[in-house]
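Coordinates from query_21.cif are shown below (mmCIF, C-alpha atoms).
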data_entry
#
loop_
_atom_site.label_atom_id
_atom_site.label_comp_id
_atom_site.auth_asym_id
_atom_site.auth_seq_id
_atom_site.Cartn_x
_atom_site.Cartn_y
_atom_site.Cartn_z
CA MET A 13 -29.96 -33.46 -39.48
CA ASN A 14 -32.05 -31.06 -37.46
CA LYS A 15 -29.90 -27.90 -37.56
CA LYS A 16 -32.09 -26.07 -35.09
CA ARG A 17 -31.60 -28.81 -32.51
CA PHE A 18 -27.86 -28.93 -33.26
CA TYR A 19 -27.35 -25.17 -32.66
CA LYS A 20 -29.67 -25.20 -29.65
CA ASN A 21 -27.50 -27.88 -28.03
CA ILE A 22 -24.33 -25.89 -28.73
CA ALA A 23 -25.95 -22.95 -26.91
CA ILE A 24 -27.05 -25.15 -24.00
CA TYR A 25 -23.63 -26.79 -23.57
CA SER A 26 -21.90 -23.39 -23.81
CA PHE A 27 -24.22 -22.04 -21.17
CA LEU A 28 -23.55 -25.04 -18.89
CA ILE A 29 -19.75 -24.83 -19.30
CA ILE A 30 -19.74 -21.06 -18.66
CA GLY A 31 -21.95 -21.62 -15.61
CA TYR A 32 -19.55 -24.26 -14.30
CA VAL A 33 -16.53 -22.01 -14.87
CA LEU A 34 -18.15 -19.03 -13.16
CA LEU A 35 -19.57 -20.91 -10.20
CA TYR A 36 -16.97 -23.54 -9.43
CA VAL A 37 -13.72 -22.47 -11.05
CA VAL A 38 -13.24 -18.73 -10.83
CA ASP A 39 -15.59 -17.78 -7.97
CA ILE A 40 -18.14 -15.36 -9.42
CA LYS A 41 -18.39 -13.47 -6.11
CA GLY A 42 -14.70 -12.62 -6.43
CA LEU A 43 -15.28 -11.38 -10.00
CA ILE A 44 -18.16 -9.15 -8.94
CA ASN A 45 -16.34 -7.78 -5.91
CA PRO A 46 -12.60 -8.40 -6.37
CA THR A 47 -11.50 -6.29 -3.39
CA LYS A 48 -13.61 -8.19 -0.89
CA GLU A 49 -11.58 -10.45 1.37
CA LYS A 50 -12.55 -14.10 1.13
CA GLN A 51 -13.23 -15.44 4.60
CA PRO A 52 -12.22 -19.04 5.26
CA LYS A 53 -14.73 -21.12 7.15
CA ALA A 54 -14.68 -24.63 8.58
CA LYS A 55 -17.66 -26.96 8.28
CA VAL A 56 -17.42 -27.96 11.93
CA GLU A 57 -16.71 -25.44 14.62
CA PHE A 58 -14.84 -26.80 17.60
CA ILE A 59 -15.65 -25.27 20.93
CA TYR A 60 -12.97 -25.81 23.48
CA GLN A 61 -14.15 -27.74 26.49
CA GLN A 62 -12.21 -28.62 29.56
CA PHE A 63 -13.30 -32.22 29.42
CA MET B 27 -25.78 -43.66 -31.31
CA ARG B 28 -25.59 -41.38 -34.33
CA ASN B 29 -27.99 -38.94 -32.65
CA LEU B 30 -25.82 -38.90 -29.50
CA LEU B 31 -22.79 -38.04 -31.61
CA ILE B 32 -24.44 -35.35 -33.71
CA TYR B 33 -26.66 -33.70 -31.13
CA HIS B 34 -24.52 -34.03 -27.99
CA LEU B 35 -20.86 -34.92 -28.44
CA VAL B 36 -20.24 -32.61 -31.39
CA PRO B 37 -22.13 -29.61 -29.90
CA PHE B 38 -20.35 -30.18 -26.55
CA SER B 39 -16.95 -30.27 -28.27
CA ILE B 40 -17.75 -27.12 -30.28
CA SER B 41 -18.90 -25.34 -27.08
CA ALA B 42 -15.75 -26.38 -25.20
CA LEU B 43 -13.56 -25.21 -28.10
CA LEU B 44 -15.39 -21.88 -28.36
CA ILE B 45 -14.99 -21.24 -24.64
CA GLY B 46 -11.37 -22.42 -24.72
CA PHE B 47 -10.57 -19.98 -27.53
CA SER B 48 -12.39 -17.20 -25.66
CA LEU B 49 -10.26 -17.84 -22.58
CA LEU B 50 -7.14 -17.90 -24.74
CA PHE B 51 -8.18 -14.55 -26.18
CA ILE B 52 -8.72 -13.11 -22.67
CA SER B 53 -5.30 -14.37 -21.61
CA CYS B 54 -3.73 -12.59 -24.62
CA LEU B 55 -5.21 -9.31 -23.37
CA GLY B 56 -2.98 -9.68 -20.28
CA LEU B 57 -5.65 -8.58 -17.82
CA LYS B 58 -4.34 -10.79 -15.04
CA PRO B 59 -1.28 -9.50 -13.21
CA GLN B 60 1.60 -11.87 -13.86
CA GLU B 61 3.11 -11.52 -10.44
CA ILE B 62 1.99 -10.75 -6.96
CA LYS B 63 2.70 -7.15 -6.14
CA PRO B 64 2.71 -6.88 -2.38
CA GLU B 65 1.25 -3.87 -0.72
CA LEU B 66 2.81 -3.02 2.59
CA ILE B 67 0.68 -2.45 5.64
CA HIS B 68 2.63 -0.94 8.50
CA VAL B 69 1.53 -1.81 11.96
CA SER B 70 3.34 0.57 14.24
CA GLY B 71 3.22 1.79 17.77
CA ALA B 72 4.69 1.31 21.15
CA SER B 73 4.43 -2.12 22.67
CA PRO B 74 4.80 -2.40 26.39
CA ILE B 75 4.69 -6.18 26.36
CA PHE B 76 7.60 -7.67 28.24
CA ARG B 77 5.42 -9.94 30.34
CA GLY B 78 2.07 -11.62 29.77
CA TYR B 79 0.43 -13.52 26.97
CA ASN B 80 -2.01 -13.32 24.08
CA SER B 81 -4.49 -16.09 23.37
CA ASN B 82 -3.95 -15.95 19.63
CA LEU B 83 -2.52 -13.87 16.77
CA THR B 84 -5.77 -12.98 15.07
CA THR B 85 -5.40 -9.23 15.59
CA GLU B 86 -2.68 -6.95 14.26
CA ASN B 87 -2.02 -5.76 17.79
CA ASN B 88 -1.32 -9.30 18.99
CA GLN B 89 0.86 -9.96 15.94
CA ALA B 90 2.83 -6.81 16.73
CA ASN B 91 3.24 -8.03 20.31
CA LEU B 92 4.84 -11.24 19.06
CA ALA B 93 7.07 -9.30 16.64
CA PHE B 94 8.11 -7.14 19.57
CA SER B 95 8.78 -10.18 21.73
CA PHE B 96 11.27 -11.48 19.17
CA LYS B 97 12.79 -8.04 18.59
CA ALA B 98 13.25 -7.48 22.32
CA ASN B 99 14.90 -10.90 22.77
CA ASN B 100 12.12 -12.01 25.10
CA LEU B 101 11.71 -15.64 25.88
CA THR B 102 8.70 -16.52 23.70
CA ILE B 103 6.52 -19.37 24.93
CA PHE B 104 4.02 -21.20 22.73
CA GLY B 105 1.39 -23.36 24.37
CA SER B 106 -2.31 -24.09 24.45
CA SER B 107 -5.17 -24.36 26.93
CA GLU B 108 -2.95 -24.47 30.02
CA PHE B 109 -2.22 -20.73 29.61
CA ASN B 110 -4.05 -18.65 32.17
CA SER B 111 -3.59 -15.63 34.40
CA SER B 112 -1.87 -17.34 37.33
CA PRO B 113 1.16 -15.37 38.57
CA TYR B 114 3.10 -18.67 38.46
CA CYS B 115 2.80 -18.91 34.65
CA PRO B 116 6.31 -18.33 33.25
CA TYR B 117 5.31 -15.25 31.22
CA PHE B 118 4.48 -13.57 34.58
CA PHE B 119 6.75 -15.32 37.04
CA LEU B 120 10.03 -15.12 35.11
CA PRO B 121 9.84 -11.35 34.36
CA ASP B 122 8.59 -10.58 37.88
CA SER B 123 10.90 -12.80 39.90
CA SER B 124 13.91 -13.62 37.76
CA GLY B 125 14.27 -10.64 35.45
CA ILE B 126 13.74 -12.75 32.33
CA ARG B 127 11.43 -11.02 29.87
CA ALA B 128 8.87 -13.49 28.62
CA PHE B 129 5.80 -13.48 26.40
CA GLY B 130 3.36 -16.29 25.65
CA VAL B 131 0.94 -17.19 22.85
CA GLY B 132 -1.57 -19.91 23.53
CA GLN B 133 -5.15 -21.09 23.72
CA GLY B 134 -7.01 -24.42 23.43
CA PHE B 135 -6.31 -26.27 20.11
CA HIS B 136 -3.20 -24.13 19.45
CA GLN B 137 -1.07 -27.10 18.37
CA SER B 138 2.17 -27.75 16.45
CA LEU B 139 0.83 -26.84 12.99
CA SER B 140 -0.53 -23.46 14.10
CA ILE B 141 2.72 -22.69 15.92
CA PHE B 142 4.61 -23.76 12.79
CA ALA B 143 2.58 -21.31 10.66
CA GLU B 144 3.20 -18.52 13.18
CA CYS B 145 6.93 -19.18 13.27
CA LEU B 146 7.09 -19.32 9.45
CA ALA B 147 5.37 -15.92 9.33
CA PHE B 148 8.12 -14.52 11.57
CA GLU B 149 10.90 -16.33 9.71
CA LYS B 150 13.35 -13.42 9.90
CA GLU B 151 12.46 -12.35 13.44
CA ILE B 152 12.93 -15.74 15.12
CA GLU B 153 16.54 -16.19 13.98
CA GLY B 154 18.63 -16.99 17.05
CA LYS B 155 15.85 -16.14 19.56
CA SER B 156 14.70 -18.12 22.59
CA ILE B 157 11.50 -20.14 22.15
CA THR B 158 9.83 -22.65 24.45
CA LEU B 159 7.12 -25.06 23.34
CA ILE B 160 4.72 -26.39 25.97
CA LEU B 161 3.32 -29.65 24.60
CA SER B 162 0.26 -31.51 25.77
CA PRO B 163 0.11 -35.31 25.38
CA GLY B 164 -3.55 -34.84 24.40
CA TRP B 165 -2.43 -33.24 21.11
CA PHE B 166 -1.19 -36.63 19.98
CA GLU B 167 -4.52 -38.27 20.73
CA SER B 168 -6.15 -36.13 18.04
CA ASN B 169 -5.39 -36.53 14.36
CA GLY B 170 -3.43 -33.28 14.32
CA THR B 171 -4.81 -29.75 14.13
CA ASN B 172 -8.49 -29.55 13.24
CA ALA B 173 -9.55 -27.39 10.28
CA ASN B 174 -11.46 -24.91 12.40
CA SER B 175 -8.43 -24.22 14.60
CA PHE B 176 -6.07 -23.90 11.65
CA ILE B 177 -8.37 -21.31 10.08
CA LYS B 178 -8.60 -19.47 13.38
CA PHE B 179 -4.88 -19.37 14.22
CA ALA B 180 -3.37 -19.04 10.73
CA ASP B 181 -4.52 -15.47 10.24
CA LYS B 182 -4.42 -13.97 6.72
CA ASN B 183 -1.66 -11.53 7.70
CA LEU B 184 0.50 -14.44 8.78
CA LEU B 185 -0.23 -16.40 5.60
CA ASN B 186 0.53 -13.29 3.51
CA ARG B 187 3.89 -12.99 5.19
CA ILE B 188 4.59 -16.66 4.45
CA ILE B 189 3.51 -16.47 0.81
CA LEU B 190 5.47 -13.28 0.10
CA ASN B 191 8.64 -14.38 1.85
CA SER B 192 10.87 -16.02 -0.74
CA ASN B 193 13.43 -16.95 1.93
CA ILE B 194 11.15 -19.67 3.30
CA PRO B 195 12.10 -23.01 1.71
CA LYS B 196 9.33 -24.40 -0.48
CA ASN B 197 9.07 -27.65 1.49
CA TYR B 198 7.74 -25.70 4.47
CA THR B 199 5.10 -23.73 2.56
CA GLU B 200 4.13 -26.90 0.70
CA TYR B 201 3.59 -28.61 4.05
CA LEU B 202 0.93 -26.02 4.85
CA GLY B 203 -0.52 -26.47 1.35
CA LYS B 204 -0.64 -30.24 1.89
CA TYR B 205 -2.60 -29.76 5.11
CA ILE B 206 -5.11 -27.48 3.36
CA TYR B 207 -5.37 -29.87 0.39
CA GLU B 208 -5.96 -32.90 2.61
CA ASN B 209 -8.44 -31.10 4.88
CA GLN B 210 -10.36 -29.10 2.27
CA ASP B 211 -13.39 -31.34 2.73
CA GLU B 212 -13.58 -30.05 6.31
CA MET B 213 -13.63 -26.46 5.08
CA GLU B 214 -16.64 -24.70 3.65
CA SER B 215 -14.55 -21.98 2.01
CA LEU B 216 -10.88 -21.11 1.67
CA SER B 217 -9.26 -17.70 1.75
CA TYR B 218 -7.19 -16.59 -1.27
CA GLN B 219 -4.07 -17.25 0.75
CA MET B 220 -5.15 -20.79 1.54
CA GLU B 221 -6.12 -21.39 -2.11
CA PHE B 222 -2.67 -20.20 -3.13
CA LEU B 223 -0.86 -22.55 -0.73
CA LYS B 224 -3.11 -25.45 -1.69
CA THR B 225 -2.47 -24.91 -5.40
CA GLN B 226 1.25 -24.64 -4.81
CA TYR B 227 1.17 -28.08 -3.20
CA GLN B 228 -1.23 -29.51 -5.79
CA ASN B 229 1.11 -28.53 -8.60
CA LYS B 230 3.72 -30.84 -7.09
CA LEU B 231 1.47 -33.88 -7.14
CA PRO B 232 1.96 -36.58 -9.78
CA VAL B 233 -0.36 -36.32 -12.75
CA SER B 234 -3.72 -38.03 -12.33
CA ILE B 235 -7.18 -37.43 -13.80
CA SER B 236 -8.17 -35.33 -10.80
CA SER B 237 -4.91 -33.37 -10.85
CA LEU B 238 -5.30 -32.78 -14.61
CA PHE B 239 -8.78 -31.50 -13.91
CA GLY B 240 -7.43 -29.32 -11.08
CA GLU B 241 -4.68 -28.05 -13.37
CA MET B 242 -7.23 -27.16 -16.04
CA ASN B 243 -9.27 -25.24 -13.46
CA GLN B 244 -6.15 -23.45 -12.28
CA LYS B 245 -5.23 -22.50 -15.86
CA ILE B 246 -8.70 -21.00 -16.26
CA ARG B 247 -8.29 -19.06 -12.99
CA ASP B 248 -4.94 -17.80 -14.22
CA VAL B 249 -6.47 -16.03 -17.22
CA ILE B 250 -9.42 -14.45 -15.40
CA PRO B 251 -8.60 -11.02 -14.04
CA VAL B 252 -9.73 -11.68 -10.49
CA SER B 253 -6.45 -11.62 -8.73
CA TYR B 254 -5.28 -12.74 -5.35
CA SER B 255 -4.73 -9.62 -3.33
CA PHE B 256 -1.88 -10.15 -0.92
CA ASP B 257 -0.57 -7.54 1.43
CA THR B 258 2.48 -7.96 3.50
CA VAL B 259 2.45 -6.63 7.00
CA VAL B 260 5.45 -4.85 8.43
CA TYR B 261 5.57 -4.40 12.16
CA LEU B 262 7.27 -1.20 13.27
CA ILE B 263 7.56 -1.16 17.00
CA ASN B 264 9.00 1.32 19.45
CA ASP B 265 10.30 -0.37 22.54
CA THR B 266 8.91 1.70 25.37
CA SER B 267 8.94 -1.06 27.94
CA LYS B 268 10.78 -0.59 31.16
CA THR B 269 14.21 -2.11 31.25
CA LEU B 270 14.17 -4.84 33.78
CA SER B 271 16.56 -4.67 36.66
CA GLU B 272 19.91 -6.20 35.89
CA THR B 273 20.00 -7.51 39.42
CA LYS B 274 18.37 -10.90 39.28
CA GLU B 275 17.03 -12.55 42.33
CA ASN B 276 17.96 -16.11 43.14
CA VAL B 277 14.67 -17.90 43.44
CA ASP B 278 14.56 -20.96 45.70
CA TYR B 279 12.29 -23.17 43.66
CA ASP B 280 12.42 -26.08 46.11
CA ILE B 281 10.81 -24.00 48.87
CA ILE B 282 8.12 -22.69 46.50
CA GLU B 283 7.37 -26.21 45.22
CA LYS B 284 7.10 -27.63 48.73
CA SER B 285 4.71 -24.91 49.82
CA LEU B 286 2.53 -25.21 46.67
CA ARG B 287 2.39 -29.01 46.93
CA THR B 288 1.14 -28.89 50.54
CA LYS B 289 -1.32 -26.11 49.76
CA PHE B 290 -2.78 -27.99 46.80
CA ILE B 291 -3.12 -31.34 48.59
CA ASN B 292 -4.89 -29.64 51.50
CA SER B 293 -7.26 -27.87 49.12
CA VAL B 294 -8.56 -31.10 47.49
CA THR B 295 -11.49 -32.36 49.53
CA ASN B 296 -14.04 -34.00 47.24
CA ASN B 297 -12.15 -36.49 45.01
CA PRO B 298 -9.42 -39.14 44.97
CA TYR B 299 -7.83 -37.90 41.71
CA PHE B 300 -5.94 -34.85 43.06
CA VAL B 301 -8.05 -32.59 40.87
CA ASN B 302 -9.19 -29.22 42.19
CA ASP B 303 -12.63 -29.36 43.79
CA ASP B 304 -14.34 -26.97 41.38
CA TYR B 305 -13.14 -28.86 38.31
CA TYR B 306 -14.23 -32.18 39.79
CA SER B 307 -17.72 -30.89 40.66
CA LYS B 308 -18.17 -29.25 37.27
CA TYR B 309 -16.76 -31.83 34.85
CA MET B 310 -16.00 -35.15 36.51
CA LYS B 311 -18.53 -35.92 39.20
CA GLY B 312 -20.36 -39.16 38.49
CA GLY B 313 -17.98 -40.24 35.74
CA GLY B 314 -15.27 -42.90 35.80
CA LYS B 315 -11.64 -43.02 34.85
CA ARG B 316 -10.61 -42.49 31.26
CA PHE B 317 -8.92 -45.20 29.19
CA VAL B 318 -6.25 -44.09 26.70
CA LYS B 319 -6.54 -45.84 23.34
CA PRO B 320 -3.37 -47.08 21.60
CA LEU B 321 -1.60 -44.41 19.55
CA TYR B 322 0.31 -45.07 16.35
CA LEU B 323 3.51 -43.50 15.12
CA SER B 324 1.89 -42.42 11.84
CA ASN B 325 0.38 -39.47 13.62
CA ASN B 326 -0.28 -36.09 12.01
CA GLU B 327 0.52 -34.22 15.21
CA LEU B 328 3.90 -35.95 15.45
CA ALA B 329 4.68 -35.03 11.83
CA ASP B 330 3.66 -31.41 12.52
CA PHE B 331 5.86 -31.34 15.61
CA GLU B 332 8.84 -32.77 13.72
CA ILE B 333 8.66 -30.21 10.92
CA LEU B 334 8.26 -27.41 13.49
CA VAL B 335 11.41 -28.56 15.32
CA ASP B 336 13.27 -28.90 12.01
CA PHE B 337 12.39 -25.35 11.04
CA LEU B 338 13.26 -23.85 14.42
CA THR B 339 16.63 -25.59 14.59
CA GLU B 340 17.35 -24.50 11.03
CA LYS B 341 16.78 -20.91 12.19
CA ASN B 342 19.22 -21.42 15.10
CA VAL B 343 16.45 -20.84 17.60
CA LYS B 344 17.44 -21.49 21.21
CA LEU B 345 14.65 -23.99 21.60
CA SER B 346 13.46 -25.72 24.74
CA VAL B 347 10.47 -28.03 25.11
CA VAL B 348 8.22 -28.98 28.01
CA MET B 349 5.86 -31.95 28.01
CA GLN B 350 2.92 -31.72 30.38
CA PRO B 351 1.76 -34.87 32.14
CA LEU B 352 -1.71 -36.37 32.14
CA ASN B 353 -3.10 -37.08 35.58
CA PRO B 354 -2.27 -40.79 36.18
CA TYR B 355 -4.79 -40.96 39.02
CA PHE B 356 -7.52 -40.38 36.44
CA TYR B 357 -6.16 -41.88 33.18
CA ASP B 358 -5.82 -45.62 32.67
CA ASN B 359 -3.46 -47.22 30.16
CA LEU B 360 -1.18 -44.18 29.83
CA GLU B 361 1.50 -46.63 28.57
CA ALA B 362 -0.33 -46.44 25.23
CA MET B 363 1.25 -43.01 24.77
CA ASN B 364 4.81 -44.20 25.25
CA PRO B 365 5.70 -44.94 21.60
CA ILE B 366 4.73 -41.41 20.52
CA LEU B 367 6.35 -39.72 23.49
CA ASP B 368 9.52 -41.82 23.04
CA LYS B 369 9.62 -40.57 19.46
CA VAL B 370 9.24 -36.94 20.64
CA ASN B 371 12.06 -37.60 23.09
CA SER B 372 14.34 -39.05 20.42
CA VAL B 373 13.66 -36.15 17.99
CA LEU B 374 14.69 -33.67 20.70
CA ASP B 375 17.57 -35.81 21.92
CA GLU B 376 19.02 -36.05 18.44
CA LYS B 377 19.12 -32.27 18.15
CA GLU B 378 20.26 -31.80 21.76
CA ILE B 379 17.24 -29.67 22.61
CA PRO B 380 16.63 -29.17 26.35
CA PHE B 381 13.50 -31.11 27.27
CA LEU B 382 11.55 -31.14 30.52
CA ASN B 383 9.41 -34.25 30.35
CA LEU B 384 6.88 -34.33 33.19
CA PHE B 385 4.80 -37.11 31.63
CA THR B 386 4.56 -40.24 33.72
CA THR B 387 2.43 -43.35 33.53
CA GLU B 388 2.55 -44.14 37.24
CA THR B 389 1.01 -42.41 40.23
CA LYS B 390 4.14 -43.00 42.33
CA ASN B 391 6.11 -40.72 39.97
CA TYR B 392 3.46 -38.01 39.84
CA GLU B 393 3.41 -35.10 42.26
CA PRO B 394 -0.15 -34.04 43.09
CA GLY B 395 -0.59 -30.38 42.19
CA THR B 396 1.62 -30.57 39.08
CA LEU B 397 -1.70 -30.42 37.25
CA THR B 398 -4.65 -28.50 38.63
CA ASP B 399 -7.04 -30.89 36.90
CA ILE B 400 -6.53 -33.86 34.60
CA MET B 401 -4.35 -32.19 31.95
CA HIS B 402 -3.53 -28.54 32.70
CA PHE B 403 -0.60 -27.26 34.71
CA GLY B 404 -1.29 -26.07 38.22
CA ASN B 405 0.94 -23.66 40.11
CA LEU B 406 3.28 -26.48 41.17
CA GLY B 407 3.67 -27.61 37.54
CA TRP B 408 4.33 -24.05 36.41
CA THR B 409 6.98 -23.70 39.11
CA LYS B 410 8.77 -26.77 37.75
CA VAL B 411 8.65 -25.15 34.30
CA ASN B 412 9.92 -21.85 35.71
CA SER B 413 12.83 -23.59 37.42
CA PHE B 414 13.72 -25.33 34.13
CA LEU B 415 13.46 -22.13 32.05
CA ASP B 416 15.27 -20.05 34.65
CA SER B 417 18.23 -22.43 34.56
CA LEU B 418 18.33 -22.20 30.75
CA ASN B 419 17.84 -18.47 30.39
CA HIS B 420 19.56 -17.02 33.42
CA GLU B 421 22.80 -15.42 32.28
#

Is it possible to give me this structure as structure tokens?
Amino acid sequence: MNKKRFYKNIAIYSFLIIGYVLLYVVDIKGLINPTKEKQPKAKVEFIYQQF
Amino acid sequence: MRNLLIYHLVPFSISALLIGFSLLFISCLGLKPQEIKPELIHVSGASPIFRGYNSNLTTENNQANLAFSFKANNLTIFGSSEFNSSPYCPYFFLPDSSGIRAFGVGQGFHQSLSIFAECLAFEKEIEGKSITLILSPGWFESNGTNANSFIKFADKNLLNRIILNSNIPKNYTEYLGKYIYENQDEMESLSYQMEFLKTQYQNKLPVSISSLFGEMNQKIRDVIPVSYSFDTVVYLINDTSKTLSETKENVDYDIIEKSLRTKFINSVTNNPYFVNDDYYSKYMKGGGKRFVKPLYLSNNELADFEILVDFLTEKNVKLSVVMQPLNPYFYDNLEAMNPILDKVNSVLDEKEIPFLNLFTTETKNYEPGTLTDIMHFGNLGWTKVNSFLDSLNHE
């Protein structure tokens, strides 16, 4: 068994999981600036038209 | 296969375990507050509003106006794009001519779900008050409130008040959470308040792979010390408005209606639809009639309307409802709307809620001038509404 490769992969997977947690689970922007209000935003903006 | 196990699966499992234990350790430190500690924001001041309307509740001043309207026992009217500055609109006409204090909230796309969120936010204040809903048949043509409008009308202050109010039954807050959950693909980002409501609903869902995954993500969020920051807003208002005269005039609505009808018909010169000339020139010229597609009873707008009515009746609100017509000279196949509108009628009938239904499928039953265009009340239509509300609210 190549130990170097084994430990390198542990480091890579740890890095990937931490990255996923920070980016997609806990919202890293909120961690950096917890007092900042999070603004909701829709993907499509409806503009009211008469017709 | 052996390489995959040794160099990928085992390192991945070790990494996941290491991170899991790290999170467990962080959770033991107790960095995350265990409960929401509301901070109070007081919005205070004198509110002179006893007549008029606000387009939305996205400012604290407008929210305070609505709080005042309930406190002052005004007739509060919720509607949408038909609201304008005409003196015949009930929030002007009734205070000016009948001595009934009235206040409106409405703008295009302000539909049942947004009104529901606003009423939930004022759960204590609406108890026993007078509320009128002005419905548009067009709401039921859409698949309920669109995400952009929900975000716009359900302001964070209102959502804070909903989240921090333990008197609101869970089924109502979960209904909002369900909407956010089902429409999250339409939203680029959610506020903390919306995340909270969504999660509350998600936790009720039966276990599936995606919900397990969502639950795992939520557990991780729970141990990270970035907390939701919820403030609750308290509206302190001094009533400095003039007391309206106790002497109430008797308005002869028949004479007003007759005069407005004649005036409107004489003013239409460039179209056969009984639509005001400007509107026709700007939006309709060169186009044909519009065909209404069949509507089905499994309609999000109908569900939103039903839960709104349930909540308001539960709060002993003196509720009345008005249904606007669509212009039958312009729309074809209006019968397609009947199943939905019959359902609206039966919901209100069952609860004995006064209902002014001006919708009609036939031109012979439609009075030109009721609408100024194809779907918005004109002065004649507003006068019919005023007559209806006057009879309900005149003591």

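Closest approach to chain A among B:Ser168, B:Ser175, B:Ser48, B:Gln228: B:Ser175, based on all atoms listed in the file.
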
Using atom CA of B:Val131 and atom CA of B:Leu415 as the two end points, give the distance in Å to one decimal.
->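 Here the two named atoms are 16.3 Å from each other.
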
State, in Å with one decimal place, the distance from atom CA of B:Leu328 to atom CA of B:Lys369.
->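 Value for the atom CA of B:Leu328-atom CA of B:Lys369 distance: 8.4 Å.
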
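You will find atom CA of B:Pro37 at 21.8 Å from atom CA of A:Val37.
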
Return the single residue from B:Phe356, B:Phe414, B:Phe135, B:Trp408 that is closest to B:Pro113, with distances computed using all atoms listed in the file.
-> B:Trp408

Contact residues (chain B, partner chain A, 6 Å, only C-alpha atoms) as a short mmCIF file (atom, residue, chain, number, x, y, z; two decimals) with C-alpha atoms, keeping the file's coordinate frame:
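Final output, part14.cif:
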data_model
loop_
_atom_site.label_atom_id
_atom_site.label_comp_id
_atom_site.auth_asym_id
_atom_site.auth_seq_id
_atom_site.Cartn_x
_atom_site.Cartn_y
_atom_site.Cartn_z
CA TYR B 33 -26.66 -33.70 -31.13
CA PRO B 37 -22.13 -29.61 -29.90
CA PHE B 38 -20.35 -30.18 -26.55
CA SER B 41 -18.90 -25.34 -27.08
CA ASN B 174 -11.46 -24.91 12.40
CA GLU B 212 -13.58 -30.05 6.31
CA MET B 213 -13.63 -26.46 5.08
CA GLU B 214 -16.64 -24.70 3.65
CA SER B 215 -14.55 -21.98 2.01
CA LEU B 216 -10.88 -21.11 1.67
CA SER B 217 -9.26 -17.70 1.75
CA ASN B 243 -9.27 -25.24 -13.46
CA ARG B 247 -8.29 -19.06 -12.99
CA VAL B 252 -9.73 -11.68 -10.49
#

For B:Thr295, please output as a PyMOL selection string all residues within 12 Å (counting all atoms listed in the file; exclusion window: fewer than 6 positions along the same chain).
-> chain B and resi 289+301-307

File dump, residues just selected, C-alpha atoms, as a tab-separated table (two decimals), in the coordinates of the input:
chain	number	residue	atom	x	y	z
B	289	LYS	CA	-1.32	-26.11	49.76
B	301	VAL	CA	-8.05	-32.59	40.87
B	302	ASN	CA	-9.19	-29.22	42.19
B	303	ASP	CA	-12.63	-29.36	43.79
B	304	ASP	CA	-14.34	-26.97	41.38
B	305	TYR	CA	-13.14	-28.86	38.31
B	306	TYR	CA	-14.23	-32.18	39.79
B	307	SER	CA	-17.72	-30.89	40.66

Name the residues that the PyMOL selection byres ((chain B and resi 123) around 9) picks from the file above, as a list in words, using the file's chain letters and numbers.
->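 Selected by the PyMOL selection byres ((chain B and resi 123) around 9) here: Phe118, Phe119, Leu120, Pro121, Asp122, Ser124, Gly125, Ile126, Lys274, Glu275, Asn276 and Val277 of chain B.
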
Contacts of stretch 196-208 of chain B at 10 Å (only C-alpha atoms; same-chain gap of 5+ positions) as a compact mmCIF listing (two decimals) with C-alpha atoms, keeping the file's coordinate frame:
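Saved file part.txt follows:
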# COMPACT_ATOMS: atom_id res chain seq x y z
CA LEU B 139 0.83 -26.84 12.99
CA SER B 140 -0.53 -23.46 14.10
CA PHE B 142 4.61 -23.76 12.79
CA ALA B 143 2.58 -21.31 10.66
CA LEU B 146 7.09 -19.32 9.45
CA GLY B 170 -3.43 -33.28 14.32
CA THR B 171 -4.81 -29.75 14.13
CA ALA B 173 -9.55 -27.39 10.28
CA PHE B 176 -6.07 -23.90 11.65
CA ILE B 177 -8.37 -21.31 10.08
CA LEU B 185 -0.23 -16.40 5.60
CA ILE B 188 4.59 -16.66 4.45
CA ILE B 189 3.51 -16.47 0.81
CA MET B 213 -13.63 -26.46 5.08
CA LEU B 216 -10.88 -21.11 1.67
CA GLN B 219 -4.07 -17.25 0.75
CA MET B 220 -5.15 -20.79 1.54
CA GLU B 221 -6.12 -21.39 -2.11
CA PHE B 222 -2.67 -20.20 -3.13
CA LEU B 223 -0.86 -22.55 -0.73
CA LYS B 224 -3.11 -25.45 -1.69
CA THR B 225 -2.47 -24.91 -5.40
CA GLN B 226 1.25 -24.64 -4.81
CA TYR B 227 1.17 -28.08 -3.20
CA GLN B 228 -1.23 -29.51 -5.79
CA ASN B 229 1.11 -28.53 -8.60
CA LYS B 230 3.72 -30.84 -7.09
CA LEU B 231 1.47 -33.88 -7.14
CA ASN B 326 -0.28 -36.09 12.01
CA ASP B 330 3.66 -31.41 12.52
CA ILE B 333 8.66 -30.21 10.92
CA LEU B 334 8.26 -27.41 13.49
CA ASP B 336 13.27 -28.90 12.01
CA PHE B 337 12.39 -25.35 11.04

The PyMOL selection byres ((chain B and resi 364-366) around 9) resolved against shown file, as number ranges by chain | B: 166, 321-323, 325, 328, 360-363, 367-371, 387

Could you write out as an MDAnalysis selection string the residues that the PyMOL selection byres ((chain B and resi 342-345) around 9) matches in the shown file?
-> chainID B and resid 152:159 335 337:341 346:347 379:380

With distances taken over all atoms listed in the file, which of B:Asn209, B:Gln133, B:Ser162, B:Asn100 is nearest to B:Lys178?
->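 Closest residue, counting all atoms listed in the file: B:Gln133.
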
Find the residues around B:Trp165 up to 8 Å (all atoms listed in the file counted), leave out those fewer than 4 positions away in its own chain, and share them as an MDAnalysis selection string.
-> chainID B and resid 137 161 170 327

With 6 Å added on each side, what axis-aligned box encloses every listed atom of stretch 208-211 of chain B? Give the centre and edge lengths in Å to one decimal, as JSON.
{"center_x": -9.7, "center_y": -31.0, "center_z": 3.6, "size_x": 19.4, "size_y": 15.8, "size_z": 14.6}
